[in-house]
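Engineer: Please read through the structure below; I'll follow up with questions.
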Amino acid sequence: MSYETLIVETPADAAGVTLIRLNRPDALNALNSRLLEELSQALDAAEADDAVRCLVLTGSERAFAAGADIKEMSDKTYAEMFAADFFTKGARRIEQFRKPIIAAVAGYALGGGCELAMLCDFIIAADTAKFGQPEINLGVMPGIGGTQRLTRFVGKSKAMEMILTGRMMDAAEAERAGLVSRVVAADKLIEEALAAARKIAGQSPLAVMMNKELVEAAYETTLSTGVAMERRLFHSLFAFEDQKEGMAAFVEKRKPHFKGR
Ligand code: CO8
């Protein structure tokens, strides 16, 4: 399948990793309806393909994405935004994506771009990355989860300052604040993100999906409910061949070969 706003390498390698590049270079990868529609289609295809075990989502050296497309939005009325449920469908598709997805961020991740990165399972940042929610400068606010997710990632004080002033964070500050899992040299970003993705792709896909569900649940539920869910799913993993294979491989001092059963 070919896309106008994305470059999709699927699977990028034998390990089962798919690399999706946002590709609107003239607009610093600003997110428009077309891009979000195509991203939803690419995620549908990746979800349906058993050969795909992990995704990496990236942009260009200059920008992961500089926000929602201001030129597309500027003249819209409330009725148009509401009727089209503007951008919500694309954001929901990522929220509901069950396979792991890593954001590899270089350059600007602003507004909807920062929100898109936060919708992924974790963020690896290049040392050139800049994160921000500058919507206040446009007289608006984040619209695909920024006020909620940024606050959960970095805490109230920093989130409030960034959202009310529009100040950007560099990669080092983002790492200190817990927004990104780690920072790497810009010229190593894709290599490092693909290496992490390959590591995940080599695990049991069933165990990966369950682990992802549980970490996400930590944001949605109480500690005791989350721990109870974890215990149930931990027990349930013993129904899979992959658990037998993983533990047998350890005892036999060999590499496991997980089949997703
Ligand atoms: N939308 C549209 N076009 C953009 C955007 C954008 N968000 N960002 C950059 N571009 C375009 C520029 O217009 C320019 O195009 P052209 O050459 O045709 O004029 C091209 O990309 C290059 O940009 P600049 O010349 O501005 O590059 P600079 O290096 O000088 O500056 C910046 C880079 C600082 C990133 C600057 O482009 C900028 O400030 N961009 C806007 C950042 C921003 O405000 N983002 C938030 C947008 S609003 C949003 O994301 C809301 C999300 C929620 C929506 C959900 C609805 C439910």
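Convention: chains lettered A, B, ... in structure tokens order; per-chain residue numbering from 1; ligands numbered from 1 as shown.
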Excluding stretch 119-125 of chain A and residues on its chain fewer than 2 positions from it, collect all residues at most 6 Å away from it, counting only C-alpha atoms, and give them as a list in words.

Structural biologist: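 Answer for this query is Ile101, Ile102, Ala103, Ala104, Val105, Leu116, Ala117, Ala129, Val180, Ser181, Arg182 and Val183 of chain A.
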
Engineer: Quick one: residues within 9 Å of A:Leu43, only C-alpha atoms, excluding same-chain residues fewer than 5 positions away - as a list of chain:residue names?

Structural biologist: A:Glu38, A:Ala48, A:Arg93, A:Ile94, A:Phe97

Engineer: If we count only C-alpha atoms and set the cut-off at 10 Å, which residues sit around A:Cys54, ignoring sequence neighbours fewer than 2 positions away in its own chain? Please answer as a ChimeraX atom specification.

Structural biologist: /A:11,15-19,46-47,51-52,56,98-102,194,196-202,205,208

Engineer: Write the residues of the selection above to a file with N, CA and C atoms, as a CSV table (one decimal), in the first residue's frame.

Structural biologist:
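Below is the file that was written, part-v8.csv:
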chain,number,residue,atom,x,y,z
A,11,PRO,N,7.5,-5.5,6.8
A,11,PRO,CA,8.3,-5.2,8.0
A,11,PRO,C,9.6,-4.7,7.5
A,15,ALA,N,13.1,-9.3,11.6
A,15,ALA,CA,12.6,-9.4,13.0
A,15,ALA,C,11.2,-9.1,13.2
A,16,GLY,N,10.5,-8.5,12.2
A,16,GLY,CA,9.1,-8.1,12.3
A,16,GLY,C,8.9,-6.7,12.8
A,17,VAL,N,9.8,-5.8,12.5
A,17,VAL,CA,9.7,-4.4,12.9
A,17,VAL,C,9.2,-3.6,11.7
A,18,THR,N,8.2,-2.8,11.9
A,18,THR,CA,7.8,-1.9,10.8
A,18,THR,C,8.2,-0.4,11.2
A,19,LEU,N,8.7,0.3,10.2
A,19,LEU,CA,9.1,1.7,10.4
A,19,LEU,C,8.1,2.6,9.7
A,46,ALA,N,-0.9,-3.1,10.0
A,46,ALA,CA,0.1,-3.6,10.9
A,46,ALA,C,-0.5,-4.6,12.0
A,47,GLU,N,-1.7,-4.2,12.4
A,47,GLU,CA,-2.4,-5.0,13.4
A,47,GLU,C,-2.8,-6.3,12.8
A,51,ALA,N,3.2,-11.0,10.9
A,51,ALA,CA,4.6,-10.9,10.8
A,51,ALA,C,5.1,-9.6,11.5
A,52,VAL,N,4.2,-8.6,11.7
A,52,VAL,CA,4.6,-7.4,12.3
A,52,VAL,C,4.5,-7.5,13.9
A,56,VAL,N,8.0,1.3,14.8
A,56,VAL,CA,8.7,2.5,15.2
A,56,VAL,C,8.1,3.7,14.4
A,98,ARG,N,-2.8,-2.5,19.7
A,98,ARG,CA,-2.4,-3.4,20.7
A,98,ARG,C,-1.0,-3.8,20.6
A,99,LYS,N,-0.4,-3.6,19.5
A,99,LYS,CA,1.1,-4.0,19.4
A,99,LYS,C,1.9,-2.8,19.9
A,100,PRO,N,3.2,-3.1,20.3
A,100,PRO,CA,4.0,-2.0,20.8
A,100,PRO,C,4.4,-1.0,19.7
A,101,ILE,N,4.5,0.3,20.1
A,101,ILE,CA,4.8,1.3,19.1
A,101,ILE,C,5.7,2.3,19.8
A,102,ILE,N,6.9,2.5,19.2
A,102,ILE,CA,7.9,3.4,19.8
A,102,ILE,C,8.0,4.7,19.0
A,194,LEU,N,15.3,1.1,16.3
A,194,LEU,CA,15.1,-0.2,15.6
A,194,LEU,C,15.6,-1.3,16.5
A,196,ALA,N,15.8,-1.4,19.8
A,196,ALA,CA,14.9,-1.6,20.9
A,196,ALA,C,13.6,-2.4,20.3
A,197,ALA,N,13.2,-2.0,19.1
A,197,ALA,CA,12.0,-2.6,18.5
A,197,ALA,C,12.3,-4.1,18.2
A,198,ARG,N,13.5,-4.4,17.8
A,198,ARG,CA,13.9,-5.8,17.5
A,198,ARG,C,13.9,-6.6,18.7
A,199,LYS,N,14.4,-6.0,19.8
A,199,LYS,CA,14.4,-6.7,21.1
A,199,LYS,C,13.0,-7.1,21.5
A,200,ILE,N,12.1,-6.1,21.4
A,200,ILE,CA,10.7,-6.4,21.7
A,200,ILE,C,10.1,-7.4,20.7
A,201,ALA,N,10.4,-7.3,19.4
A,201,ALA,CA,9.9,-8.2,18.4
A,201,ALA,C,10.3,-9.6,18.7
A,202,GLY,N,11.4,-9.8,19.4
A,202,GLY,CA,11.9,-11.2,19.6
A,202,GLY,C,11.2,-11.8,20.8
A,205,PRO,N,4.9,-12.3,21.5
A,205,PRO,CA,3.9,-11.2,21.2
A,205,PRO,C,2.7,-11.2,22.2
A,208,VAL,N,4.0,-9.6,25.3
A,208,VAL,CA,4.2,-8.2,25.1
A,208,VAL,C,2.9,-7.4,25.2

Engineer: Can you list, as a PDB file with all heavy atoms, in the first residue's frame, every residue of stretch 170-227 of chain A that DSSP puts in strand (DSSP E)?

Structural biologist:
ATOM      1  N   ASP A 170      14.025  20.929  25.919  1.00  0.00           N
ATOM      2  CA  ASP A 170      14.973  20.203  25.070  1.00  0.00           C
ATOM      3  C   ASP A 170      15.031  18.735  25.510  1.00  0.00           C
ATOM      4  O   ASP A 170      14.380  18.338  26.495  1.00  0.00           O
ATOM      5  CB  ASP A 170      16.350  20.880  25.048  1.00  0.00           C
ATOM      6  CG  ASP A 170      17.049  20.850  26.408  1.00  0.00           C
ATOM      7  OD1 ASP A 170      16.623  20.069  27.281  1.00  0.00           O
ATOM      8  OD2 ASP A 170      18.013  21.618  26.594  1.00  0.00           O
ATOM      9  N   ARG A 182      14.928   7.640  26.927  1.00  0.00           N
ATOM     10  CA  ARG A 182      16.350   7.978  26.883  1.00  0.00           C
ATOM     11  C   ARG A 182      16.647   8.877  25.694  1.00  0.00           C
ATOM     12  O   ARG A 182      15.820   8.999  24.773  1.00  0.00           O
ATOM     13  CB  ARG A 182      17.243   6.736  26.871  1.00  0.00           C
ATOM     14  CG  ARG A 182      17.065   5.830  25.718  1.00  0.00           C
ATOM     15  CD  ARG A 182      17.678   4.462  26.045  1.00  0.00           C
ATOM     16  NE  ARG A 182      17.160   3.451  25.161  1.00  0.00           N
ATOM     17  CZ  ARG A 182      17.762   3.075  24.025  1.00  0.00           C
ATOM     18  NH1 ARG A 182      18.901   3.634  23.657  1.00  0.00           N
ATOM     19  NH2 ARG A 182      17.224   2.160  23.254  1.00  0.00           N
ATOM     20  N   VAL A 183      17.855   9.477  25.743  1.00  0.00           N
ATOM     21  CA  VAL A 183      18.287  10.391  24.678  1.00  0.00           C
ATOM     22  C   VAL A 183      19.505   9.772  23.995  1.00  0.00           C
ATOM     23  O   VAL A 183      20.392   9.247  24.668  1.00  0.00           O
ATOM     24  CB  VAL A 183      18.672  11.769  25.263  1.00  0.00           C
ATOM     25  CG1 VAL A 183      19.161  12.706  24.160  1.00  0.00           C
ATOM     26  CG2 VAL A 183      17.488  12.386  25.993  1.00  0.00           C
ATOM     27  N   VAL A 184      19.521   9.820  22.666  1.00  0.00           N
ATOM     28  CA  VAL A 184      20.656   9.267  21.910  1.00  0.00           C
ATOM     29  C   VAL A 184      21.134  10.328  20.904  1.00  0.00           C
ATOM     30  O   VAL A 184      20.413  11.296  20.616  1.00  0.00           O
ATOM     31  CB  VAL A 184      20.252   7.970  21.167  1.00  0.00           C
ATOM     32  CG1 VAL A 184      19.794   6.897  22.153  1.00  0.00           C
ATOM     33  CG2 VAL A 184      19.161   8.231  20.132  1.00  0.00           C
TER      34      VAL A 184
END

Engineer: What does the list of residues within 7 Å of ligand 1 look like if you count only C-alpha atoms and all ligand atoms, written as a PyMOL selection string?

Structural biologist: chain A and resi 26-28+30+66-71+86-88+108+110-113+133-135+137-138+141-144

Engineer: Take atom CA of A:Val154 and atom CA of A:Leu55 and report the distance between them in Å, one decimal.

Structural biologist: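 Atom-to-atom, atom CA of A:Val154 to atom CA of A:Leu55, that is 24.5 Å.
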
Engineer: Using DSSP on the backbone coordinates, identify all residues within stretch 134-250 of chain A classified as helix (DSSP H, G or I); present the result as a ChimeraX atom specification.

Structural biologist: /A:134-138,146-154,156-165,171-177,186-201,205-217,223-239,241-250

Engineer: What gap, in Å, lies between atom CA of A:Thr165 and atom CA of A:Gly132?

Structural biologist: 9.8 Å

Engineer: Using only C-alpha atoms, determine which residues lie at most 9 Å from stretch 257-259 of chain A, disregarding the query and same-chain residues fewer than 5 positions distant; provide the list as a list in words.

Structural biologist: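 Surrounding residues, per the criterion: Gly202, Gln203, Ser204, Pro205, Glu241, Asp242, Gln243, Glu245, Gly246 and Ala249 of chain A.
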
Engineer: When distances are computed from only C-alpha atoms, which of A:Gly107, A:Ser33, A:Gly178, A:Asp44 shows the smallest separation from A:Ala84?

Structural biologist: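 For A:Ala84, the nearest of the candidates is A:Ser33.
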
Engineer: Would you pick out the contacts of stretch 224-240 of chain A at 7 Å or less, using only C-alpha atoms, so that residues sharing its chain but fewer than 3 positions from it are not included, and give the list as a PyMOL selection string?

Structural biologist: chain A and resi 214+217-218+221+243+261

Engineer: Would you export the selected residues with N, CA and C atoms as a compact mmCIF listing (two decimals), in the first residue's frame, please?

Structural biologist:
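Output below, filename result35.txt:
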# COMPACT_ATOMS: atom_id res chain seq x y z
N LEU A 214 -1.11 -3.80 30.78
CA LEU A 214 -1.01 -3.57 32.23
C LEU A 214 -0.33 -2.24 32.56
N ALA A 217 -2.81 0.33 32.05
CA ALA A 217 -3.84 0.30 33.10
C ALA A 217 -3.40 1.10 34.32
N ALA A 218 -2.08 1.22 34.52
CA ALA A 218 -1.58 1.96 35.67
C ALA A 218 -2.03 3.43 35.64
N THR A 221 -6.39 3.18 36.49
CA THR A 221 -7.07 2.49 37.57
C THR A 221 -6.34 2.68 38.90
N GLN A 243 5.18 -19.39 27.32
CA GLN A 243 5.70 -19.43 28.70
C GLN A 243 6.53 -20.70 28.90
N ARG A 261 1.90 -18.39 20.67
CA ARG A 261 0.80 -19.31 20.97
C ARG A 261 0.81 -19.62 22.45

Engineer: Atom CA of A:Leu189 and atom CA of A:Ala177, how far apart in Å?

Structural biologist: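 Taking atom CA of A:Ala177 and atom CA of A:Leu189, their separation equals 19.8 Å.
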